[in-house]
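K.L.:
Just so it is clear, I am handing over target.csv, which has CSV, C-alpha atoms.
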chain,number,residue,atom,x,y,z
M,7,THR,CA,105.9,111.3,135.1
M,8,GLU,CA,106.4,107.8,133.7
M,9,GLU,CA,103.3,108.2,131.5
M,10,ASN,CA,104.8,111.4,130.0
M,11,THR,CA,108.0,109.6,129.2
M,12,PHE,CA,106.2,106.8,127.4
M,13,THR,CA,104.3,109.5,125.5
M,14,GLN,CA,107.4,111.5,124.5
M,15,SER,CA,109.5,108.5,123.5
M,16,PRO,CA,107.5,107.4,120.4
M,17,ALA,CA,107.6,111.0,119.2
M,18,LEU,CA,111.4,111.1,119.6
M,19,LEU,CA,111.7,107.7,117.9
M,20,GLY,CA,109.5,108.9,115.0
M,21,LEU,CA,111.6,112.1,114.5
M,22,LEU,CA,114.9,110.0,114.5
M,23,ASN,CA,113.5,107.5,112.1
M,24,TYR,CA,112.4,110.3,109.8
M,25,TYR,CA,115.8,111.8,110.0
M,26,ARG,CA,117.5,108.5,109.2
M,27,ILE,CA,115.4,108.0,106.1
M,28,THR,CA,115.3,111.6,104.8
M,29,GLY,CA,118.4,113.3,106.2
M,30,ASP,CA,116.2,116.2,107.2
M,31,HIS,CA,118.1,118.1,109.8
M,32,THR,CA,115.1,119.9,111.1
M,33,ALA,CA,113.9,116.5,112.4
M,34,LEU,CA,117.3,116.0,114.1
M,35,ALA,CA,117.1,119.5,115.6
M,36,ALA,CA,113.6,118.8,117.0
M,37,SER,CA,115.0,115.5,118.4
M,38,THR,CA,117.8,117.2,120.2
M,39,LYS,CA,115.4,119.7,121.8
M,40,LEU,CA,113.2,116.9,123.1
M,41,GLY,CA,116.4,115.0,124.2
M,42,ASP,CA,117.6,118.1,126.1
M,43,LEU,CA,114.3,118.4,127.8
M,44,LEU,CA,114.4,114.8,129.0
M,45,VAL,CA,118.0,115.3,130.3
M,46,LYS,CA,116.9,118.5,132.1
M,47,GLN,CA,113.8,116.8,133.6
M,48,ARG,CA,115.9,113.9,134.9
M,49,GLN,CA,118.5,116.2,136.4
M,50,GLN,CA,115.8,118.3,138.2
M,51,SER,CA,113.7,115.3,139.3
M,52,SER,CA,113.6,114.5,143.0
M,53,GLY,CA,111.8,111.2,142.4
M,54,LYS,CA,112.9,107.8,141.0
M,55,ILE,CA,114.8,108.2,137.8
M,56,THR,CA,113.4,104.8,136.6
M,57,ILE,CA,110.4,106.7,135.4
M,58,TYR,CA,112.6,107.7,132.4
M,59,ALA,CA,113.3,104.1,131.4
M,60,GLY,CA,110.8,104.3,128.6
M,61,ALA,CA,113.1,106.8,126.8
M,62,LEU,CA,116.2,104.6,126.7
M,63,GLU,CA,115.8,103.5,123.1
M,64,PRO,CA,115.3,106.9,121.5
M,65,MET,CA,117.9,108.6,123.8
M,66,ALA,CA,120.5,105.9,122.9
M,67,ARG,CA,119.8,106.5,119.2
M,68,LEU,CA,120.0,110.2,119.7
M,69,PHE,CA,123.5,109.8,121.1
M,70,SER,CA,124.5,107.7,118.1
M,71,TYR,CA,123.5,110.6,115.8
M,72,THR,CA,124.9,113.5,117.8
M,73,ASP,CA,127.7,112.1,119.9
M,74,ASN,CA,126.4,114.3,122.8
M,75,LYS,CA,127.7,112.6,126.0
M,76,ASN,CA,124.7,114.1,128.0
M,77,TYR,CA,122.4,111.6,126.2
M,78,LEU,CA,124.7,108.6,126.9
M,79,ASP,CA,125.1,109.6,130.6
M,80,PHE,CA,121.3,109.9,130.7
M,81,CYS,CA,120.9,106.3,129.3
M,82,LYS,CA,123.5,104.8,131.6
M,83,ALA,CA,122.1,106.4,134.8
M,84,VAL,CA,118.5,105.4,134.0
M,85,ALA,CA,119.5,101.9,132.8
M,86,ASP,CA,121.5,101.2,135.9
M,87,ALA,CA,118.7,102.4,138.2
M,88,TRP,CA,116.1,100.3,136.3
M,89,VAL,CA,118.1,97.1,136.3
M,90,ARG,CA,118.7,97.4,140.1
M,91,ALA,CA,115.0,98.1,140.8
M,92,LYS,CA,113.3,95.7,138.4
M,93,ALA,CA,111.4,92.7,139.7
M,94,GLN,CA,113.2,89.3,139.5
M,95,ALA,CA,110.5,87.9,137.3
M,96,LEU,CA,109.6,90.7,134.9
M,97,PRO,CA,105.9,91.0,134.0
M,98,VAL,CA,105.0,90.7,130.4
M,99,THR,CA,103.9,94.3,129.5
M,100,SER,CA,104.6,96.5,126.5
M,101,LYS,CA,106.3,99.0,128.8
M,102,ASN,CA,108.8,96.4,130.1
M,103,LEU,CA,109.5,95.1,126.6
M,104,ALA,CA,110.1,98.7,125.5
M,105,VAL,CA,112.7,99.2,128.2
M,106,LEU,CA,114.4,95.9,127.3
M,107,ASN,CA,114.6,97.1,123.7
M,108,GLY,CA,116.2,100.3,125.0
M,109,LEU,CA,118.8,98.2,126.9
M,110,VAL,CA,119.7,96.4,123.7
M,111,GLU,CA,120.1,99.7,121.9
M,112,LEU,CA,122.3,101.0,124.7
M,113,TYR,CA,124.4,97.8,124.5
M,114,ARG,CA,124.9,98.4,120.8
M,115,ILE,CA,126.5,101.8,121.3
M,116,ASP,CA,128.2,101.2,124.7
M,117,GLY,CA,129.3,97.6,124.5
M,118,ASP,CA,128.5,97.0,128.2
M,119,ASN,CA,127.5,93.3,128.5
M,120,SER,CA,125.4,93.9,131.6
M,121,PHE,CA,123.0,95.9,129.5
M,122,TYR,CA,122.7,93.0,127.0
M,123,ALA,CA,122.4,90.2,129.7
M,124,VAL,CA,119.2,91.6,131.1
M,125,PRO,CA,117.0,91.5,127.9
M,126,LEU,CA,118.6,88.2,126.9
M,127,ARG,CA,117.6,86.6,130.1
M,128,ALA,CA,114.2,88.3,130.2
M,129,TRP,CA,113.4,87.1,126.7
M,130,THR,CA,114.2,83.5,127.6
M,131,GLU,CA,112.2,83.7,130.8
M,132,MET,CA,109.2,85.1,129.0
M,133,GLN,CA,109.4,82.7,126.1
M,134,THR,CA,109.6,79.7,128.4
M,135,SER,CA,107.1,80.8,131.0
M,136,GLY,CA,104.2,80.9,128.5
M,137,ILE,CA,103.7,81.7,124.8
M,138,SER,CA,100.3,81.9,123.2
M,139,LEU,CA,99.6,79.7,120.2
M,140,THR,CA,100.0,82.8,118.1
M,141,GLY,CA,103.5,83.5,119.4
M,142,VAL,CA,103.2,86.3,122.0
M,143,PRO,CA,104.3,85.9,125.7
M,144,VAL,CA,101.4,85.6,128.1
M,145,GLY,CA,103.2,84.9,131.4
M,146,ASP,CA,101.3,82.7,133.8
M,147,SER,CA,97.9,82.9,132.1
M,148,GLY,CA,98.3,79.4,130.8
M,149,GLY,CA,98.6,80.4,127.2
M,150,ARG,CA,94.9,81.1,126.9
M,151,PRO,CA,94.4,84.9,127.2
M,152,GLN,CA,91.2,86.7,126.4
M,153,SER,CA,92.9,89.0,124.0
M,154,LEU,CA,96.4,90.0,122.9
M,155,ASP,CA,97.1,93.7,122.3
M,156,ALA,CA,99.2,95.0,119.5
M,157,CYS,CA,101.4,97.1,121.8
M,158,THR,CA,102.8,94.0,123.5
M,159,THR,CA,103.0,92.2,120.1
M,160,ALA,CA,105.0,95.0,118.5
M,161,MET,CA,107.5,95.2,121.4
M,162,TRP,CA,108.0,91.5,121.6
M,163,MET,CA,108.6,91.3,117.8
M,164,GLN,CA,111.1,94.1,118.0
M,165,LEU,CA,113.0,92.5,121.0
M,166,SER,CA,113.2,89.2,119.1
M,167,LEU,CA,114.5,91.0,116.0
M,168,ASN,CA,117.0,92.9,118.0
M,169,LEU,CA,118.4,89.8,119.7
M,170,LEU,CA,118.5,88.0,116.3
M,171,ARG,CA,120.5,90.8,114.8
M,172,ILE,CA,123.0,90.7,117.6
M,173,SER,CA,123.3,86.9,118.1
M,174,GLY,CA,122.2,85.4,114.8
M,175,GLN,CA,120.6,82.6,116.8
M,176,ALA,CA,117.8,80.7,115.0
M,177,VAL,CA,115.6,80.6,118.1
M,178,TYR,CA,114.8,84.3,117.6
M,179,SER,CA,114.0,83.9,113.9
M,180,GLU,CA,111.7,81.0,114.7
M,181,GLN,CA,109.9,83.1,117.2
M,182,LEU,CA,109.5,86.0,114.8
M,183,GLU,CA,108.1,83.6,112.1
M,184,ARG,CA,105.5,82.3,114.6
M,185,THR,CA,104.5,85.8,115.8
M,186,ILE,CA,104.3,87.4,112.4
M,187,TYR,CA,102.3,84.7,110.7
M,188,ASN,CA,99.9,83.9,113.5
M,189,GLN,CA,99.5,87.2,115.6
M,190,VAL,CA,100.6,90.2,113.5
M,191,PHE,CA,98.6,89.1,110.4
M,192,ALA,CA,95.6,88.3,112.6
M,193,GLY,CA,95.5,92.0,113.6
M,194,GLN,CA,94.7,93.2,110.1
M,195,ASP,CA,91.6,92.6,108.0
M,196,ALA,CA,92.7,90.5,105.0
M,197,LYS,CA,90.2,92.1,102.7
M,198,THR,CA,90.3,95.8,103.6
M,199,GLY,CA,93.7,96.2,105.3
M,200,ASN,CA,92.0,97.8,108.3
M,201,VAL,CA,93.8,97.5,111.6
M,202,LEU,CA,91.8,95.5,114.1
M,203,ALA,CA,91.3,95.9,117.9
M,204,PRO,CA,93.1,93.6,120.3
M,205,VAL,CA,92.8,90.1,118.8
M,206,THR,CA,90.5,87.9,120.8
M,207,TRP,CA,90.4,84.1,120.9
M,208,SER,CA,86.7,84.0,120.3
M,209,ALA,CA,83.9,86.1,118.9
M,210,LYS,CA,84.1,88.6,116.0
M,211,LYS,CA,87.1,90.9,115.5
M,212,GLU,CA,86.3,94.6,115.4
M,213,ALA,CA,88.1,97.5,113.7
M,214,ALA,CA,90.5,99.3,116.1
M,215,ASN,CA,89.4,102.8,115.1
M,216,ASN,CA,91.4,105.1,117.4
M,217,ALA,CA,92.5,102.3,119.9
M,218,ALA,CA,95.7,103.2,121.6
M,219,CYS,CA,97.6,100.3,120.1
M,220,ALA,CA,96.4,100.6,116.6
M,221,ALA,CA,99.6,102.3,115.5
M,222,SER,CA,101.6,99.4,117.0
M,223,GLU,CA,100.0,97.0,114.6
M,224,VAL,CA,101.0,99.2,111.7
M,225,ARG,CA,104.5,99.4,113.1
M,226,SER,CA,104.7,95.6,113.3
M,227,LEU,CA,103.6,95.2,109.7
M,228,ALA,CA,106.2,97.8,108.6
M,229,GLN,CA,109.0,95.9,110.3
M,230,ILE,CA,108.3,92.7,108.2
M,231,PRO,CA,110.5,93.7,105.2
M,232,THR,CA,113.5,94.2,107.5
M,233,VAL,CA,112.8,90.8,109.1
M,234,ALA,CA,112.7,89.1,105.8
M,235,TRP,CA,115.5,90.9,103.9
M,236,GLY,CA,117.5,92.8,106.5
M,237,ARG,CA,117.9,96.5,107.1
M,238,TYR,CA,121.3,96.7,105.6
M,239,GLY,CA,123.1,95.3,102.5
M,240,ASN,CA,124.5,92.3,104.4
M,241,GLY,CA,121.2,91.1,105.9
M,242,ILE,CA,120.4,91.2,109.6
Kindly return the structure encoded in the file as C-alpha cells.

P.N.:
Amino acid sequence: TEENTFTQSPALLGLLNYYRITGDHTALAASTKLGDLLVKQRQQSSGKITIYAGALEPMARLFSYTDNKNYLDFCKAVADAWVRAKAQALPVTSKNLAVLNGLVELYRIDGDNSFYAVPLRAWTEMQTSGISLTGVPVGDSGGRPQSLDACTTAMWMQLSLNLLRISGQAVYSEQLERTIYNQVFAGQDAKTGNVLAPVTWSAKKEAANNAACAASEVRSLAQIPTVAWGRYGNGI
C-alpha cells in the first residue's frame, strides 16, 4: 500500500545514509534486500504503481550505489506514472514534497529534464501560492495556518536545498534562510533542546514526545551544516 511505501522509504534512506557515512556493507546489503522487495512488489502489483512514488528518492540513491538497473527501471516507471497522474495544482503535503525530492534525485542520476521540470515548477507554484511568515508553504490557507508540522517543513527544506544545489539560484537560499531561522528553530526548545509538537501560531508549545513528525524536526536541524557549508569540499 501507499502507507507501507512511505514507511519503508525512511528505513531505506536511513540505511543508505549510514552506509555513505560508515562504509558498512551490511547496511548496503540490507538496503538491497529492501530495494529488491519493492521491485518485486511493484512487478506483482495489480493496482496503480503510483503508490510506490514515496520510494523514489531512496531507490534512486540505491541505484547510484549498486548500478543495478532494476532500481533505475523501478524509478522511471513509477516517476512517469506519478507525473501523468498528478493533479495540475499539487497540494502542499509532506508526501507530495517527498515525491518531488525523489524526482530531483532521479534527475541527478538519469539527466532527464522532464523529471527536473516537475519539482522546479511545483516549488515555484507552492512558493507563490502562499508562504507562511515562517517560511513554509501553506497553499490557499491565506498564510495563517493553525499549526505547521515538522514533516512538511523538513521536506520543503530538503526540496529547496536540492534545487539550490542544482541551480545555484539565490531564491532557494533565501527561502532556506527564512525557513530555518523562523520555522525550524521554532520547533526546538531553546533551553532544553527538546523537539516540540507542530508549531502553533498561538498558545503554548508542547513537547512532541512520540509525535509522528518529531524525527523530521531532528532531520531538519541535522541538515543545517550542509546548508551553511556544503556537503562536499566545493560547497553546495

K.L.:
Using only C-alpha atoms, find each residue of region 64-100 of chain M with at least one atom at most 10 Å away from an atom of region 21-40 of chain M; report its shortest atom-to-atom pair and that distance in Å (one decimal), sort the rows by chain and rising residue number, and return the result as JSON lines.

P.N.:
{"residue": "M:Pro64", "atom": "CA", "partner": "M:Leu22", "partner_atom": "CA", "distance": 7.7}
{"residue": "M:Met65", "atom": "CA", "partner": "M:Ser37", "partner_atom": "CA", "distance": 9.2}
{"residue": "M:Arg67", "atom": "CA", "partner": "M:Leu22", "partner_atom": "CA", "distance": 7.6}
{"residue": "M:Leu68", "atom": "CA", "partner": "M:Leu22", "partner_atom": "CA", "distance": 7.3}
{"residue": "M:Phe69", "atom": "CA", "partner": "M:Thr38", "partner_atom": "CA", "distance": 9.4}
{"residue": "M:Tyr71", "atom": "CA", "partner": "M:Leu34", "partner_atom": "CA", "distance": 8.4}
{"residue": "M:Thr72", "atom": "CA", "partner": "M:Thr38", "partner_atom": "CA", "distance": 8.4}
{"residue": "M:Asn74", "atom": "CA", "partner": "M:Thr38", "partner_atom": "CA", "distance": 9.4}
{"residue": "M:Tyr77", "atom": "CA", "partner": "M:Thr38", "partner_atom": "CA", "distance": 9.4}

K.L.:
So which residues touch Trp162 (chain M) within 12 Å, counting all atoms listed in the file, skipping near sequence neighbours fewer than 6 positions away, as an mmCIF file with C-alpha atoms, in the frame of the given file?

P.N.:
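Result file selection08.cif:
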data_model
loop_
_atom_site.group_PDB
_atom_site.id
_atom_site.type_symbol
_atom_site.label_atom_id
_atom_site.label_comp_id
_atom_site.auth_asym_id
_atom_site.auth_seq_id
_atom_site.Cartn_x
_atom_site.Cartn_y
_atom_site.Cartn_z
ATOM 1 C CA VAL M 98 105.000 90.700 130.400
ATOM 2 C CA THR M 99 103.900 94.300 129.500
ATOM 3 C CA SER M 100 104.600 96.500 126.500
ATOM 4 C CA LYS M 101 106.300 99.000 128.800
ATOM 5 C CA ASN M 102 108.800 96.400 130.100
ATOM 6 C CA LEU M 103 109.500 95.100 126.600
ATOM 7 C CA ALA M 104 110.100 98.700 125.500
ATOM 8 C CA VAL M 105 112.700 99.200 128.200
ATOM 9 C CA LEU M 106 114.400 95.900 127.300
ATOM 10 C CA ASN M 107 114.600 97.100 123.700
ATOM 11 C CA PRO M 125 117.000 91.500 127.900
ATOM 12 C CA ALA M 128 114.200 88.300 130.200
ATOM 13 C CA TRP M 129 113.400 87.100 126.700
ATOM 14 C CA THR M 130 114.200 83.500 127.600
ATOM 15 C CA MET M 132 109.200 85.100 129.000
ATOM 16 C CA GLN M 133 109.400 82.700 126.100
ATOM 17 C CA ILE M 137 103.700 81.700 124.800
ATOM 18 C CA GLY M 141 103.500 83.500 119.400
ATOM 19 C CA VAL M 142 103.200 86.300 122.000
ATOM 20 C CA PRO M 143 104.300 85.900 125.700
ATOM 21 C CA VAL M 144 101.400 85.600 128.100
ATOM 22 C CA LEU M 154 96.400 90.000 122.900
ATOM 23 C CA ASP M 155 97.100 93.700 122.300
ATOM 24 C CA ALA M 156 99.200 95.000 119.500
ATOM 25 C CA ASN M 168 117.000 92.900 118.000
ATOM 26 C CA LEU M 169 118.400 89.800 119.700
ATOM 27 C CA TYR M 178 114.800 84.300 117.600
ATOM 28 C CA GLN M 181 109.900 83.100 117.200
ATOM 29 C CA LEU M 182 109.500 86.000 114.800
ATOM 30 C CA ARG M 184 105.500 82.300 114.600
ATOM 31 C CA THR M 185 104.500 85.800 115.800
ATOM 32 C CA ILE M 186 104.300 87.400 112.400
ATOM 33 C CA GLN M 189 99.500 87.200 115.600
ATOM 34 C CA VAL M 190 100.600 90.200 113.500
ATOM 35 C CA SER M 222 101.600 99.400 117.000
ATOM 36 C CA GLU M 223 100.000 97.000 114.600
ATOM 37 C CA SER M 226 104.700 95.600 113.300
#

K.L.:
Could you check which of M:Asn200, M:Ser179, M:Gln164, M:Gln94 is closest to Ala234 (chain M), using only C-alpha atoms?

P.N.:
M:Ser179

K.L.:
When you look at region 81-92 of chain M with a cut-off of 12 Å (counting all atoms listed in the file), what residues show up, excluding the ones that are within fewer than 3 positions of it in the same chain? I need them as a count of residues only.

P.N.:
52

K.L.:
Have a look at CA of Ser15 (chain M) and CA of Gln50 (chain M) and let me know their distance in Å, one decimal.

P.N.:
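Between these atoms lies a distance of 18.8 Å.
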
K.L.:
For a test of reading the model, state the distance in Å between CA of Ser52 (chain M) and CA of Asp79 (chain M), rounded to one decimal.

P.N.:
17.6 Å

K.L.:
Hey, can you check how far CA of Asp195 (chain M) sits from CA of Leu165 (chain M)?

P.N.:
25.0 Å
